[in-house]
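Okay, so here's the structure we're looking at.
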There are 2 protein chains.
Amino acid sequence: MTPAADEHAVEVLKGLLDANDHEALHNREHFERHNVLAVNLMSSPGAGKTALLEATIEALGKDLNIAVVEGDLETENDAERIRAKGVPAIQITTGSACHLDAHMVHDALHELELDDVDVLFIENVGNLVCPASFDLGQHINVALLSTPEGDDKPAKYPVMFRAADLVLVTKSDLLEVLGDFSPDAAERCVRQIANPAPVLKVSAKTGLGMDGWLDWIRREAGSRE
Amino acid sequence: MTPAADEHAVEVLKGLLDANDHEALHNREHFERHNVLAVNLMSSPGAGKTALLEATIEALGKDLNIAVVEGDLETENDAERIRAKGVPAIQITTGSACHLDAHMVHDALHELELDDVDVLFIENVGNLVCPASFDLGQHINVALLSTPEGDDKPAKYPVMFRAADLVLVTKSDLLEVLGDFSPDAAERCVRQIANPAPVLKVSAKTGLGMDGWLDWIRREAGSRE
């Protein structure tokens, strides 16, 4: 590529991001109009986003109306797991696209009855890099850090962890087995990238620490009423 | 975005990929000229790529001259771990870029004495999506699937697992603790996307299954002499 062609590519990519931001603003208007709290869940593949949602629906489903938008390259598996909990779930399959964008989420919103929704969880594509750069119109970003991934990941993936309003250390039932993940070290990494977000240990499998997460969601949902 | 602008963006992205393929061809010529086997390691964040390399260098370092190119968004941590094993390592920090491209690898090659290298491992950015779409000039793609991520990941990330010449199920010392990862199910997922690649269970921590991986590398390196 020549420098001129390079510059041109940067301009086109900037145009795509601008178009996304414009659509994200539109999504945010939808959420405000219908009093919906929108939460964007992001993590590596297999960090436990769907398991967290299953446990969250079980615990809060009676008090709050929950809906889910699922992002995956392929398969309807995650949406089916959520529907089995009695909650509406719209699956977006992105093909080879590495993140959800605001247009995809907008299309999904039109398949939901937003008046009947208090909290909308958007489960992003499993990817600790790209999703952080695309605003979907959400109110809150939650980044999951799975204990087997290692406590150094906030330092190695700073764009994601800088964007997080809350960090959940998932699969923390494995802390003792693994022996080499320090929740304090993970939290220090988050502070070193100048993010004051809470860092909570949870396990959807054993219920460990789930109260803190559930209280947090209840509080955020309550503040929007 | 208008449809015309969309089309234009697709064209520009195609141009970037074409430029990458051209540079990858150039990298491949470097490898051929110097008789280097180039192996591209790809996985989610924290699936154990660096730990695998550390164990591989310990086992093969006396028989084969190994060098490593490390891709990370931030930090020199991984290159330092490799250098501590007495092997040259070039760190590429990509900033916010979600994958290595052929140009970055080309720049790194010029910092290595390729005549003194038998096997070059390229540790890609931790990301189970984007790296699969960018040819670096490597001979072999190895995809790591960490057991805590779940055995369904080859179905959910088919672009990556279709591109793999070898799949390593890493952290397999955790299989018993986790109880819900079936190596057979993971292999079935790989077959369902029409990939006949071997699927090997390994643990860099306990040494479990490492002989199969080490033999495979020895064979591939030998076939290039």
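Chain lettering (A, B, ...) mirrors the order of the structure tokens, residue numbering begins at 1 for each chain separately, and ligand numbering begins at 1 in order of display.
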As a PDB file with N, CA and C atoms, in the first residue's frame, please: the residues near Ala97 of chain B (cut-off 10 Å, only C-alpha atoms, same-chain neighbours under 2 positions excluded).
```pdb
ATOM      1  N   VAL A 129     -10.872  -7.922  22.227  1.00  0.00           N
ATOM      2  CA  VAL A 129     -10.287  -6.753  21.559  1.00  0.00           C
ATOM      3  C   VAL A 129     -11.370  -5.897  20.891  1.00  0.00           C
ATOM      4  N   CYS A 130     -11.919  -6.382  19.786  1.00  0.00           N
ATOM      5  CA  CYS A 130     -12.711  -5.544  18.886  1.00  0.00           C
ATOM      6  C   CYS A 130     -14.007  -4.987  19.479  1.00  0.00           C
TER       7      CYS A 130
ATOM      8  N   ASP B  72       1.214  -8.860  20.769  1.00  0.00           N
ATOM      9  CA  ASP B  72       0.347  -8.458  21.880  1.00  0.00           C
ATOM     10  C   ASP B  72      -0.088  -7.027  21.653  1.00  0.00           C
ATOM     11  N   LEU B  73      -1.247  -6.662  22.191  1.00  0.00           N
ATOM     12  CA  LEU B  73      -1.679  -5.273  22.118  1.00  0.00           C
ATOM     13  C   LEU B  73      -0.704  -4.382  22.885  1.00  0.00           C
ATOM     14  N   THR B  93       4.081  -4.985  19.447  1.00  0.00           N
ATOM     15  CA  THR B  93       2.903  -4.492  20.184  1.00  0.00           C
ATOM     16  C   THR B  93       2.010  -3.768  19.174  1.00  0.00           C
ATOM     17  N   THR B  94       0.783  -4.253  19.072  1.00  0.00           N
ATOM     18  CA  THR B  94      -0.107  -3.825  17.991  1.00  0.00           C
ATOM     19  C   THR B  94      -0.972  -2.627  18.368  1.00  0.00           C
ATOM     20  N   GLY B  95      -0.922  -2.189  19.641  1.00  0.00           N
ATOM     21  CA  GLY B  95      -1.789  -1.076  20.055  1.00  0.00           C
ATOM     22  C   GLY B  95      -3.225  -1.558  20.147  1.00  0.00           C
ATOM     23  N   HIS B  99      -4.968  -8.322  15.512  1.00  0.00           N
ATOM     24  CA  HIS B  99      -4.303  -9.474  14.883  1.00  0.00           C
ATOM     25  C   HIS B  99      -2.935  -9.012  14.393  1.00  0.00           C
ATOM     26  N   LEU B 100      -2.043  -9.963  14.146  1.00  0.00           N
ATOM     27  CA  LEU B 100      -0.808  -9.645  13.436  1.00  0.00           C
ATOM     28  C   LEU B 100      -1.114  -9.607  11.947  1.00  0.00           C
ATOM     29  N   ASP B 101      -0.392  -8.763  11.204  1.00  0.00           N
ATOM     30  CA  ASP B 101      -0.482  -8.836   9.746  1.00  0.00           C
ATOM     31  C   ASP B 101       0.917  -9.103   9.180  1.00  0.00           C
ATOM     32  N   VAL B 125      -1.885 -12.444  18.350  1.00  0.00           N
ATOM     33  CA  VAL B 125      -2.690 -11.763  19.366  1.00  0.00           C
ATOM     34  C   VAL B 125      -3.801 -12.725  19.847  1.00  0.00           C
ATOM     35  N   CYS B 130     -10.208 -12.769  14.439  1.00  0.00           N
ATOM     36  CA  CYS B 130      -9.529 -12.002  13.386  1.00  0.00           C
ATOM     37  C   CYS B 130      -8.228 -12.612  12.859  1.00  0.00           C
TER      38      CYS B 130
END
```
> Within 8 Å of chain B, which residues of chain A show up when using only C-alpha atoms, listed as a ChimeraX atom specification?
Replying inline: /A:1,9,12-13,16,19,44-47,72-75,96-98,126-130,148-150,153,155-159
Writer output for current selection, C-alpha atoms, as a CSV table (one decimal), in the first residue's frame:
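Below is the file that was written, again_19.csv:
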```
chain,number,residue,atom,x,y,z
A,1,MET,CA,0.0,0.0,0.0
A,9,ALA,CA,-8.2,3.3,4.2
A,12,VAL,CA,-13.0,4.9,5.2
A,13,LEU,CA,-12.7,3.0,8.5
A,16,LEU,CA,-17.6,3.3,9.3
A,19,ALA,CA,-21.9,5.6,11.0
A,44,SER,CA,-12.9,-13.8,25.7
A,45,PRO,CA,-14.6,-16.9,24.2
A,46,GLY,CA,-15.8,-19.2,26.9
A,47,ALA,CA,-15.4,-16.9,29.9
A,72,ASP,CA,-22.1,-15.2,17.9
A,73,LEU,CA,-20.3,-15.9,14.6
A,74,GLU,CA,-22.3,-19.1,14.2
A,75,THR,CA,-25.0,-21.2,16.0
A,96,SER,CA,-16.9,-13.7,10.2
A,97,ALA,CA,-17.5,-10.3,11.9
A,98,CYS,CA,-15.6,-10.1,15.2
A,126,GLY,CA,-16.4,-13.6,22.4
A,127,ASN,CA,-13.4,-11.4,21.7
A,128,LEU,CA,-11.3,-9.3,24.2
A,129,VAL,CA,-10.3,-6.8,21.6
A,130,CYS,CA,-12.7,-5.5,18.9
A,148,PRO,CA,-8.0,-19.6,33.8
A,149,GLU,CA,-7.1,-16.8,31.4
A,150,GLY,CA,-4.6,-15.3,34.0
A,153,LYS,CA,-5.1,-9.8,31.0
A,155,ALA,CA,-2.6,-5.1,31.2
A,156,LYS,CA,-2.5,-7.0,27.9
A,157,TYR,CA,-6.0,-6.0,26.7
A,158,PRO,CA,-6.2,-2.4,28.0
A,159,VAL,CA,-8.7,-1.1,25.5
```
> Quick one: distance from atom CA of Glu7 of chain A to atom CA of Val105 of chain B in Å, one decimal?
Replying inline: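 About the pair atom CA of Glu7 of chain A and atom CA of Val105 of chain B: they are 21.1 Å apart.
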> Pick from B:Phe31, B:Val117, B:Ser203, B:Ala186: nearest to Glu54 of chain B, with only C-alpha atoms counted?
Replying inline: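 Under the stated criterion, the closest residue is B:Ser203.
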>> For the structure I just gave you, how does DSSP split segment 18-204 of chain B - specifically, which residues are strand (DSSP E or B)? Reply as an MDAnalysis selection string.
In response: chainID B and resid 37:42 66:72 89:93 119:123 140:146 166:170 199:201
Could you write those residues out with N, CA and C atoms, as a tab-separated table (two decimals), in the first residue's frame?
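The file below, result.tsv, is the result:
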```
chain	number	residue	atom	x	y	z
B	37	LEU	N	10.95	-23.39	9.24
B	37	LEU	CA	9.54	-23.77	9.39
B	37	LEU	C	8.85	-22.69	10.21
B	38	ALA	N	7.77	-22.10	9.64
B	38	ALA	CA	7.06	-21.01	10.33
B	38	ALA	C	5.70	-21.50	10.81
B	39	VAL	N	5.48	-21.39	12.11
B	39	VAL	CA	4.26	-21.91	12.75
B	39	VAL	C	3.50	-20.76	13.40
B	40	ASN	N	2.24	-20.57	13.01
B	40	ASN	CA	1.40	-19.50	13.53
B	40	ASN	C	0.50	-20.05	14.64
B	41	LEU	N	0.72	-19.62	15.88
B	41	LEU	CA	-0.08	-20.10	17.02
B	41	LEU	C	-1.21	-19.12	17.29
B	42	MET	N	-2.44	-19.63	17.28
B	42	MET	CA	-3.61	-18.75	17.49
B	42	MET	C	-4.52	-19.34	18.56
B	66	ILE	N	15.28	-22.46	17.76
B	66	ILE	CA	13.94	-21.89	17.80
B	66	ILE	C	14.03	-20.38	17.96
B	67	ALA	N	13.13	-19.66	17.30
B	67	ALA	CA	12.97	-18.23	17.54
B	67	ALA	C	11.47	-17.94	17.60
B	68	VAL	N	11.12	-16.81	18.22
B	68	VAL	CA	9.71	-16.52	18.45
B	68	VAL	C	9.41	-15.06	18.10
B	69	VAL	N	8.29	-14.85	17.41
B	69	VAL	CA	7.74	-13.51	17.23
B	69	VAL	C	6.47	-13.44	18.07
B	70	GLU	N	6.39	-12.45	18.95
B	70	GLU	CA	5.28	-12.33	19.89
B	70	GLU	C	4.36	-11.19	19.49
B	71	GLY	N	3.07	-11.44	19.39
B	71	GLY	CA	2.11	-10.39	19.12
B	71	GLY	C	1.23	-10.11	20.33
B	72	ASP	N	1.21	-8.86	20.77
B	72	ASP	CA	0.35	-8.46	21.88
B	72	ASP	C	-0.09	-7.03	21.65
B	89	ALA	N	13.52	-13.56	20.89
B	89	ALA	CA	12.08	-13.25	20.77
B	89	ALA	C	11.91	-11.78	20.41
B	90	ILE	N	11.14	-11.53	19.37
B	90	ILE	CA	10.83	-10.16	18.94
B	90	ILE	C	9.39	-9.86	19.32
B	91	GLN	N	9.19	-8.81	20.10
B	91	GLN	CA	7.84	-8.44	20.51
B	91	GLN	C	7.24	-7.43	19.54
B	92	ILE	N	6.07	-7.72	19.02
B	92	ILE	CA	5.30	-6.74	18.24
B	92	ILE	C	4.16	-6.28	19.14
B	93	THR	N	4.08	-4.98	19.45
B	93	THR	CA	2.90	-4.49	20.18
B	93	THR	C	2.01	-3.77	19.17
B	119	VAL	N	13.03	-23.39	13.45
B	119	VAL	CA	11.58	-23.24	13.62
B	119	VAL	C	11.28	-21.84	14.17
B	120	LEU	N	10.42	-21.12	13.47
B	120	LEU	CA	9.97	-19.82	13.96
B	120	LEU	C	8.51	-19.95	14.40
B	121	PHE	N	8.27	-19.72	15.68
B	121	PHE	CA	6.89	-19.68	16.17
B	121	PHE	C	6.41	-18.24	16.17
B	122	ILE	N	5.25	-18.01	15.60
B	122	ILE	CA	4.63	-16.69	15.64
B	122	ILE	C	3.43	-16.78	16.58
B	123	GLU	N	3.54	-16.16	17.75
B	123	GLU	CA	2.42	-16.19	18.71
B	123	GLU	C	1.53	-15.00	18.40
B	140	ILE	N	2.23	-23.42	8.73
B	140	ILE	CA	1.29	-24.19	9.54
B	140	ILE	C	0.53	-23.28	10.49
B	141	ASN	N	-0.78	-23.51	10.60
B	141	ASN	CA	-1.60	-22.86	11.62
B	141	ASN	C	-1.90	-23.85	12.74
B	142	VAL	N	-1.63	-23.46	13.96
B	142	VAL	CA	-2.01	-24.27	15.11
B	142	VAL	C	-3.02	-23.47	15.93
B	143	ALA	N	-4.20	-24.05	16.16
B	143	ALA	CA	-5.21	-23.39	17.00
B	143	ALA	C	-5.26	-24.08	18.35
B	144	LEU	N	-5.16	-23.30	19.41
B	144	LEU	CA	-5.25	-23.84	20.76
B	144	LEU	C	-6.68	-23.63	21.27
B	145	LEU	N	-7.23	-24.68	21.88
B	145	LEU	CA	-8.54	-24.59	22.51
B	145	LEU	C	-8.34	-24.97	23.96
B	146	SER	N	-8.52	-24.00	24.85
B	146	SER	CA	-8.28	-24.23	26.27
B	146	SER	C	-9.52	-24.89	26.89
B	166	LEU	N	-3.60	-28.07	12.88
B	166	LEU	CA	-3.48	-28.88	14.10
B	166	LEU	C	-4.27	-28.15	15.18
B	167	VAL	N	-5.05	-28.91	15.96
B	167	VAL	CA	-5.77	-28.33	17.09
B	167	VAL	C	-5.20	-28.91	18.38
B	168	LEU	N	-4.79	-28.06	19.30
B	168	LEU	CA	-4.30	-28.51	20.59
B	168	LEU	C	-5.32	-28.16	21.67
B	169	VAL	N	-5.79	-29.19	22.38
B	169	VAL	CA	-6.68	-28.97	23.53
B	169	VAL	C	-5.77	-28.74	24.73
B	170	THR	N	-5.61	-27.48	25.12
B	170	THR	CA	-4.64	-27.13	26.16
B	170	THR	C	-5.28	-27.17	27.56
B	199	VAL	N	-6.39	-33.60	16.42
B	199	VAL	CA	-6.78	-32.89	17.65
B	199	VAL	C	-6.05	-33.57	18.80
B	200	LEU	N	-5.11	-32.88	19.45
B	200	LEU	CA	-4.29	-33.49	20.50
B	200	LEU	C	-4.55	-32.82	21.84
B	201	LYS	N	-4.67	-33.64	22.89
B	201	LYS	CA	-4.79	-33.12	24.25
B	201	LYS	C	-3.39	-32.88	24.82
```
> Would you give me, as JSON, numbers by chain, the residues in segment 27-123 of chain B that DSSP reads as helix (DSSP H, G or I)?
Replying inline: {"B": [27, 28, 29, 30, 31, 32, 33, 49, 50, 51, 52, 53, 54, 55, 56, 57, 58, 59, 60, 77, 78, 79, 80, 81, 82, 83, 102, 103, 104, 105, 106, 107, 108, 109, 114, 115, 116]}
Restricted to C-alpha atoms, what would the selected residues look like written as an mmCIF file, in the first residue's frame?
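Saved as part24.cif:
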```cif
data_model
loop_
_atom_site.group_PDB
_atom_site.id
_atom_site.type_symbol
_atom_site.label_atom_id
_atom_site.label_comp_id
_atom_site.auth_asym_id
_atom_site.auth_seq_id
_atom_site.Cartn_x
_atom_site.Cartn_y
_atom_site.Cartn_z
ATOM 1 C CA ASN B 27 7.613 -13.563 4.065
ATOM 2 C CA ARG B 28 7.204 -17.104 2.715
ATOM 3 C CA GLU B 29 10.110 -16.486 0.340
ATOM 4 C CA HIS B 30 12.235 -15.467 3.340
ATOM 5 C CA PHE B 31 11.300 -18.686 5.147
ATOM 6 C CA GLU B 32 12.049 -20.864 2.092
ATOM 7 C CA ARG B 33 15.373 -19.182 1.398
ATOM 8 C CA LYS B 49 0.288 -20.156 23.969
ATOM 9 C CA THR B 50 3.317 -18.784 25.846
ATOM 10 C CA ALA B 51 3.323 -21.649 28.368
ATOM 11 C CA LEU B 52 3.250 -24.116 25.447
ATOM 12 C CA LEU B 53 6.217 -22.339 23.862
ATOM 13 C CA GLU B 54 8.190 -22.342 27.124
ATOM 14 C CA ALA B 55 7.702 -26.108 27.489
ATOM 15 C CA THR B 56 8.469 -26.662 23.785
ATOM 16 C CA ILE B 57 11.743 -24.722 23.984
ATOM 17 C CA GLU B 58 12.770 -26.689 27.081
ATOM 18 C CA ALA B 59 12.107 -29.983 25.298
ATOM 19 C CA LEU B 60 13.415 -29.197 21.807
ATOM 20 C CA ASN B 77 5.827 -9.749 29.055
ATOM 21 C CA ASP B 78 5.613 -12.678 26.654
ATOM 22 C CA ALA B 79 8.862 -11.910 24.806
ATOM 23 C CA GLU B 80 10.615 -11.623 28.169
ATOM 24 C CA ARG B 81 9.306 -15.042 29.233
ATOM 25 C CA ILE B 82 10.657 -16.559 25.991
ATOM 26 C CA ARG B 83 14.031 -14.798 26.240
ATOM 27 C CA ALA B 102 2.202 -9.816 7.258
ATOM 28 C CA HIS B 103 3.833 -6.371 7.325
ATOM 29 C CA MET B 104 4.359 -6.486 11.102
ATOM 30 C CA VAL B 105 5.858 -9.976 10.849
ATOM 31 C CA HIS B 106 8.092 -8.875 7.972
ATOM 32 C CA ASP B 107 9.536 -6.057 10.088
ATOM 33 C CA ALA B 108 10.198 -8.557 12.905
ATOM 34 C CA LEU B 109 11.937 -11.004 10.513
ATOM 35 C CA LEU B 114 17.040 -16.452 9.977
ATOM 36 C CA ASP B 115 20.052 -18.556 8.929
ATOM 37 C CA ASP B 116 20.356 -19.590 12.580
#
```
> So what do you get for atom CA of His22 of chain B versus atom CA of Phe134 of chain B, distance-wise?
Replying inline: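 Separating atom CA of His22 of chain B from atom CA of Phe134 of chain B is a distance of 11.1 Å.
Here atom CA of Pro88 of chain A is placed at a distance of 7.8 Å from atom CA of Leu112 of chain A.
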